[in-house]
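Participant: Encoded as structure tokens, here's the structure I'll be asking about.
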Amino acid sequence: MTAPMSFSLIVHTRNSAETLPRLLETTAWIEERIVVDMGSIDSTIALAEEAGCRIETIEPSDQVDAVRNRCLQFANHEWLLVLDSDEYLSSDAQTEIGRLVNDNGRAFDAFAIPRFNTIAGQLMRGGQWYPDRQIRLFRKGSVAWQPGHHQAVEVKTGMDRLMSLSPPDCLHIHHANYASVADFVERQVKYALTDSYSDDFDFHCDLKRAYQEFESRFDVEADGDLSTALAIVMSWDKVIRGVLHWEKTGRAGPLETAFTLPIVVDMPETEELVELRERIAAIQASTSWRMTAPLRWVSTAIRSLRANGNALADDHGGAGRRRNDDE
Amino acid sequence: MELTVVIPSFGLVALLQACLTQLEVSIANARLDRFAIIVTDNGSGIPYSDEQFHCDHLRIVRTDRRVSFSRACNLGAAAQPADHYLFLNNDILLHPRALDDMMHLIAEPNVGICGARLVYPDETIQHCGIRMTSDDRAARHEFHGRASRGVSRTVRSFQAVTGAALLIRGDLFMRLGGFDEVYPFGYEDTDLCLRARLTGCTITCSQAIDSIHFESTSNKDPLRHTASRKVFMHRWAGRFSVDDRDET
């Protein structure tokens, strides 16, 4: 017979009184529950104390993932479970987590757990929203978070020590975090404003990610129109991040590839423009357009056309002239 | 709490919604004020959410992995203690007056469990009580498959009733420790009833009202009862009375 396992739960909070009760209710079986609070002014701490949690307080930080590493030391048990304050577990989680660790704890140090995400009242099934595995159950000392928001977690003992759970018939994390699309947009902007950015800037890469993001998030069959709405937001989030990155790196990098964005460019109708449109259509129709490799060519072509258009506008008082006037 | 209804369910959202709608009408007609409806979401591929169902008193208890019927029932019951528990399958459409009749029957002294009279959509009997047999099945549904109009509506006692719609006193359920979770699927209801009878209580079944039971909408495996039957026979063979009546 296997001895019962003991676990430590770590939860970061900041004015989490609305969502915390559900987490506390579904984790009541965990021996040691530590709430790491970052300056809550609502009833978060009172709720946690009432539930028997240990409270640790740290300075507020927008870089929660980086802060997590420091807080892992608060735990006293060998196995740690880390949850966000707006996440919760199912009623069979105690049984499933106990079984996972008992059966696999020798061969593995960490477990990637599928997560159900409910956004704007809808449980998401496609577009990378599911299974959205999270490394949240692990042996103390085996996992480290990276700087920034939602970056990949490092398993320090090697990826062969990571067990990935296969849905549907397995333990899940349940995540009900965004009340509306407006809430979703607000949070993405906040993440973008507070994220870490490298010293290397290439707007072409950001735009490439934007197109890839739309491609990967767009799944109408699974999630209906909400999938389209979120794909648009996530795609434009990459563009916004690119602009923020540009500013943080001293406004040094070029931004011309913005011409590849699906924005109507006001230019005189010329044979070259017609030819360009046909070539873009051909690229979009091919299987490779999403890789955006031809985008640099499109950017260059549009710049060239624009220059020609301006020259034409000088002769005929066209749209290009007005654009220059505005400048 | 006068009554907690526990509905173990896997997928089949539209059917569950119909079940809940009928249940709420039946509860209203039974004039119950303090009640709870617990749906045990038994590992559905897409978890249920409160917003999916138009049901004011609903609470969802979720398991990520599919568990046995017994376990799902016990989890639901533990979520809301009550004077009575009604265990109900998600493919049953309770008649508006069914629960009222069952509550009256269980109010009789010494009655610990009351079953429901269930018919298929073509009005043939799915369940109106269980008779214990001497063959290797050990139990059969009395008058199964017969036209309901030809089956007596006299209230009578049984050794067991189906767990598809089973009303039990809360204190009795607690004393018995709930359904025995050793049963993978099937026979846990008969086991519960036989254990209840050992405490001296009577088991009866509503006969006045027919409710609809589609039966086995989540599990159509013809061998689904085999493993549980072995467990049941190992535990109960020679320890229950064989009912003398056999109309087959």
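Following the order of the structure tokens, chains are lettered A, B, ..., residues in each are numbered from 1, and ligands are numbered from 1.
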Neighbours of Pro60 of chain A within 12 Å (only C-alpha atoms; same-chain residues fewer than 5 positions away dropped), as an MDAnalysis selection string?

Facilitator: chainID A and resid 12:15 36:41 67

Participant: May I have the residues of chain A within 12 Å of chain B, counting only C-alpha atoms, written as number ranges by chain?

Facilitator: A: 22, 25-26, 88-97, 113-118, 120-126, 130-131, 166-176, 222-223

Participant: Please provide the set of residues having any atom within 12 Å of Asn104 of chain A, restricted to only C-alpha atoms, with same-chain residues fewer than 4 positions apart removed, written as a ChimeraX atom specification.

Facilitator: /A:96-100,108-111,138-139,161-165

Participant: Identify, on the basis of only C-alpha atoms, every residue whose closest approach to Pro21 of chain A does not exceed 10 Å; exclude the query and any residue fewer than 3 positions from it along the same chain; express the result as a CSV table (one decimal) with N, CA, C and O atoms, in the first residue's frame.

Facilitator:
```
chain,number,residue,atom,x,y,z
A,16,SER,N,-8.6,39.4,-5.5
A,16,SER,CA,-9.1,38.2,-6.1
A,16,SER,C,-10.4,37.7,-5.4
A,16,SER,O,-10.7,36.5,-5.6
A,17,ALA,N,-11.0,38.5,-4.6
A,17,ALA,CA,-12.1,38.0,-3.8
A,17,ALA,C,-13.3,37.4,-4.6
A,17,ALA,O,-14.0,36.5,-4.1
A,18,GLU,N,-13.4,37.8,-5.8
A,18,GLU,CA,-14.5,37.3,-6.6
A,18,GLU,C,-14.3,35.9,-7.0
A,18,GLU,O,-15.3,35.1,-7.0
A,24,LEU,N,-10.7,28.0,-3.4
A,24,LEU,CA,-10.5,27.5,-2.0
A,24,LEU,C,-11.4,26.3,-1.7
A,24,LEU,O,-11.0,25.3,-1.1
A,25,GLU,N,-12.7,26.3,-2.3
A,25,GLU,CA,-13.6,25.2,-2.1
A,25,GLU,C,-13.1,23.9,-2.7
A,25,GLU,O,-13.2,22.9,-2.1
A,26,THR,N,-12.5,24.0,-3.9
A,26,THR,CA,-12.1,22.8,-4.6
A,26,THR,C,-10.7,22.3,-4.2
A,26,THR,O,-10.2,21.3,-4.8
A,27,THR,N,-10.0,23.1,-3.4
A,27,THR,CA,-8.6,22.6,-3.0
A,27,THR,C,-8.6,22.4,-1.5
A,27,THR,O,-7.5,22.3,-0.9
A,44,THR,N,-9.8,39.5,-0.1
A,44,THR,CA,-9.0,38.4,-0.5
A,44,THR,C,-8.4,37.7,0.7
A,44,THR,O,-8.5,36.5,0.9
A,47,LEU,N,-10.7,36.0,3.2
A,47,LEU,CA,-11.3,34.8,2.7
A,47,LEU,C,-10.3,33.7,2.8
A,47,LEU,O,-10.6,32.5,3.2
A,48,ALA,N,-9.0,34.0,2.5
A,48,ALA,CA,-8.0,32.9,2.5
A,48,ALA,C,-7.7,32.5,4.0
A,48,ALA,O,-7.5,31.3,4.2
A,51,ALA,N,-10.3,30.3,5.3
A,51,ALA,CA,-10.2,28.9,4.7
A,51,ALA,C,-9.0,28.2,5.3
A,51,ALA,O,-8.7,27.0,4.9
A,85,SER,N,-5.6,32.5,-9.3
A,85,SER,CA,-6.7,32.7,-8.4
A,85,SER,C,-8.0,32.6,-9.1
A,85,SER,O,-9.1,32.4,-8.4
A,86,ASP,N,-8.0,32.6,-10.4
A,86,ASP,CA,-9.3,32.4,-11.1
A,86,ASP,C,-9.4,31.0,-11.7
A,86,ASP,O,-10.1,30.8,-12.7
A,88,TYR,N,-9.7,26.7,-10.8
A,88,TYR,CA,-10.2,25.8,-9.8
A,88,TYR,C,-10.1,24.3,-10.3
A,88,TYR,O,-9.8,24.1,-11.5
```

Participant: Which of these residues is nearest to Leu72 of chain A, using only C-alpha atoms: A:Met5, A:Leu261, A:Ala28, A:Ala144?

Facilitator: A:Ala144

Participant: Report, in Å to a single decimal, how far apart atom CA of Phe74 of chain A and atom CA of Val101 of chain A are.

Facilitator: 20.8 Å

Participant: Can you pull out every residue within 10 Å of Ser157 of chain B, counting only C-alpha atoms, but drop anything in the same chain fewer than 2 positions away, and send it as a PyMOL selection string?

Facilitator: chain B and resi 111+114+129-130+154-155+159-161+202-205

Participant: When distances are computed from only C-alpha atoms, which of B:Leu198, B:Ala208, B:Ile37, B:Leu192 shows the smallest separation from Pro81 of chain B?

Facilitator: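 Among the listed residues, B:Ile37 lies closest to Pro81 of chain B.
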
Participant: Quick one: pick out all alpha helix (DSSP H) residues within segment 1-229 of chain B from a backbone DSSP run and write them as a VMD selection string.

Facilitator: chain B and resid 13 to 29 69 to 79 98 to 106 170 to 175 188 to 198 226 to 229

Participant: Provide the atom CA of Glu49 of chain A to atom CA of Val35 of chain A distance in Å, to one decimal place.

Facilitator: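 Those two atoms sit 9.0 Å apart.
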
Participant: Once DSSP has gone over the backbone, tell me which residues of segment 7-230 of chain B are in strand (DSSP E), as a PDB file with C-alpha atoms, in the first residue's frame.

Facilitator:
```
ATOM      1  CA  ILE B   7     -28.500  13.426 -11.541  1.00  0.00           C
ATOM      2  CA  PRO B   8     -25.299  11.732 -12.747  1.00  0.00           C
ATOM      3  CA  SER B   9     -24.813  12.752 -16.365  1.00  0.00           C
ATOM      4  CA  PHE B  35     -34.687  21.558  -2.418  1.00  0.00           C
ATOM      5  CA  ALA B  36     -31.466  21.365  -4.436  1.00  0.00           C
ATOM      6  CA  ILE B  37     -30.668  19.859  -7.808  1.00  0.00           C
ATOM      7  CA  ILE B  38     -27.154  18.496  -8.155  1.00  0.00           C
ATOM      8  CA  VAL B  39     -25.935  17.358 -11.566  1.00  0.00           C
ATOM      9  CA  THR B  40     -22.773  15.306 -11.362  1.00  0.00           C
ATOM     10  CA  ASP B  41     -21.002  16.032 -14.628  1.00  0.00           C
ATOM     11  CA  ASN B  42     -19.372  12.655 -14.966  1.00  0.00           C
ATOM     12  CA  LEU B  58     -29.027  23.716 -10.196  1.00  0.00           C
ATOM     13  CA  ARG B  59     -25.524  23.092  -8.928  1.00  0.00           C
ATOM     14  CA  ILE B  60     -22.967  21.219 -11.023  1.00  0.00           C
ATOM     15  CA  VAL B  61     -20.396  18.915  -9.454  1.00  0.00           C
ATOM     16  CA  ARG B  62     -17.700  18.054 -11.973  1.00  0.00           C
ATOM     17  CA  THR B  63     -15.409  15.035 -12.218  1.00  0.00           C
ATOM     18  CA  HIS B  84     -34.474  12.858   1.192  1.00  0.00           C
ATOM     19  CA  TYR B  85     -32.410  12.087  -1.880  1.00  0.00           C
ATOM     20  CA  LEU B  86     -33.854  11.439  -5.315  1.00  0.00           C
ATOM     21  CA  PHE B  87     -31.337   9.753  -7.624  1.00  0.00           C
ATOM     22  CA  LEU B  88     -32.438  10.343 -11.177  1.00  0.00           C
ATOM     23  CA  ILE B  92     -35.957  10.254 -17.492  1.00  0.00           C
ATOM     24  CA  LEU B  93     -38.810  12.701 -18.036  1.00  0.00           C
ATOM     25  CA  VAL B 111     -40.831   3.032   4.129  1.00  0.00           C
ATOM     26  CA  GLY B 112     -37.146   3.768   3.463  1.00  0.00           C
ATOM     27  CA  ILE B 113     -36.982   3.719  -0.317  1.00  0.00           C
ATOM     28  CA  CYS B 114     -39.518   4.436  -3.055  1.00  0.00           C
ATOM     29  CA  GLY B 115     -39.031   3.732  -6.750  1.00  0.00           C
ATOM     30  CA  LEU B 118     -41.137   4.055 -15.674  1.00  0.00           C
ATOM     31  CA  VAL B 119     -42.254   3.392 -19.222  1.00  0.00           C
ATOM     32  CA  ILE B 125     -43.050  -0.998 -18.802  1.00  0.00           C
ATOM     33  CA  GLN B 126     -39.363  -0.283 -18.231  1.00  0.00           C
ATOM     34  CA  HIS B 127     -39.635  -0.516 -14.455  1.00  0.00           C
ATOM     35  CA  ILE B 130     -37.535  -5.464  -9.154  1.00  0.00           C
ATOM     36  CA  ARG B 131     -38.059  -9.150  -8.443  1.00  0.00           C
ATOM     37  CA  MET B 132     -35.200 -11.353  -7.291  1.00  0.00           C
ATOM     38  CA  ALA B 139     -32.850  -9.747 -10.527  1.00  0.00           C
ATOM     39  CA  ARG B 140     -35.349  -8.747 -13.190  1.00  0.00           C
ATOM     40  CA  HIS B 141     -37.684  -5.834 -13.788  1.00  0.00           C
ATOM     41  CA  ALA B 165     -35.322   7.066 -10.195  1.00  0.00           C
ATOM     42  CA  LEU B 166     -34.875   6.170  -6.550  1.00  0.00           C
ATOM     43  CA  LEU B 167     -36.124   8.206  -3.591  1.00  0.00           C
ATOM     44  CA  ILE B 168     -34.478   7.371  -0.241  1.00  0.00           C
ATOM     45  CA  ARG B 169     -34.602   8.842   3.228  1.00  0.00           C
ATOM     46  CA  THR B 202     -39.756  -1.353   3.560  1.00  0.00           C
ATOM     47  CA  ILE B 203     -39.166  -0.680  -0.131  1.00  0.00           C
ATOM     48  CA  THR B 204     -42.019   0.323  -2.365  1.00  0.00           C
ATOM     49  CA  CYS B 205     -42.662   1.810  -5.791  1.00  0.00           C
ATOM     50  CA  SER B 211     -42.772   8.639 -16.215  1.00  0.00           C
ATOM     51  CA  ILE B 212     -40.761   8.194 -19.397  1.00  0.00           C
ATOM     52  CA  HIS B 213     -37.386   6.464 -19.362  1.00  0.00           C
TER      53      HIS B 213
END
```

Participant: Please determine, counting only C-alpha atoms, which residue among B:Ser148, B:Gln17, B:Ser70, B:Thr199 has the shortest atom-to-atom distance to Cys55 of chain B.

Facilitator: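 The answer is B:Gln17, which sits nearest to Cys55 of chain B.
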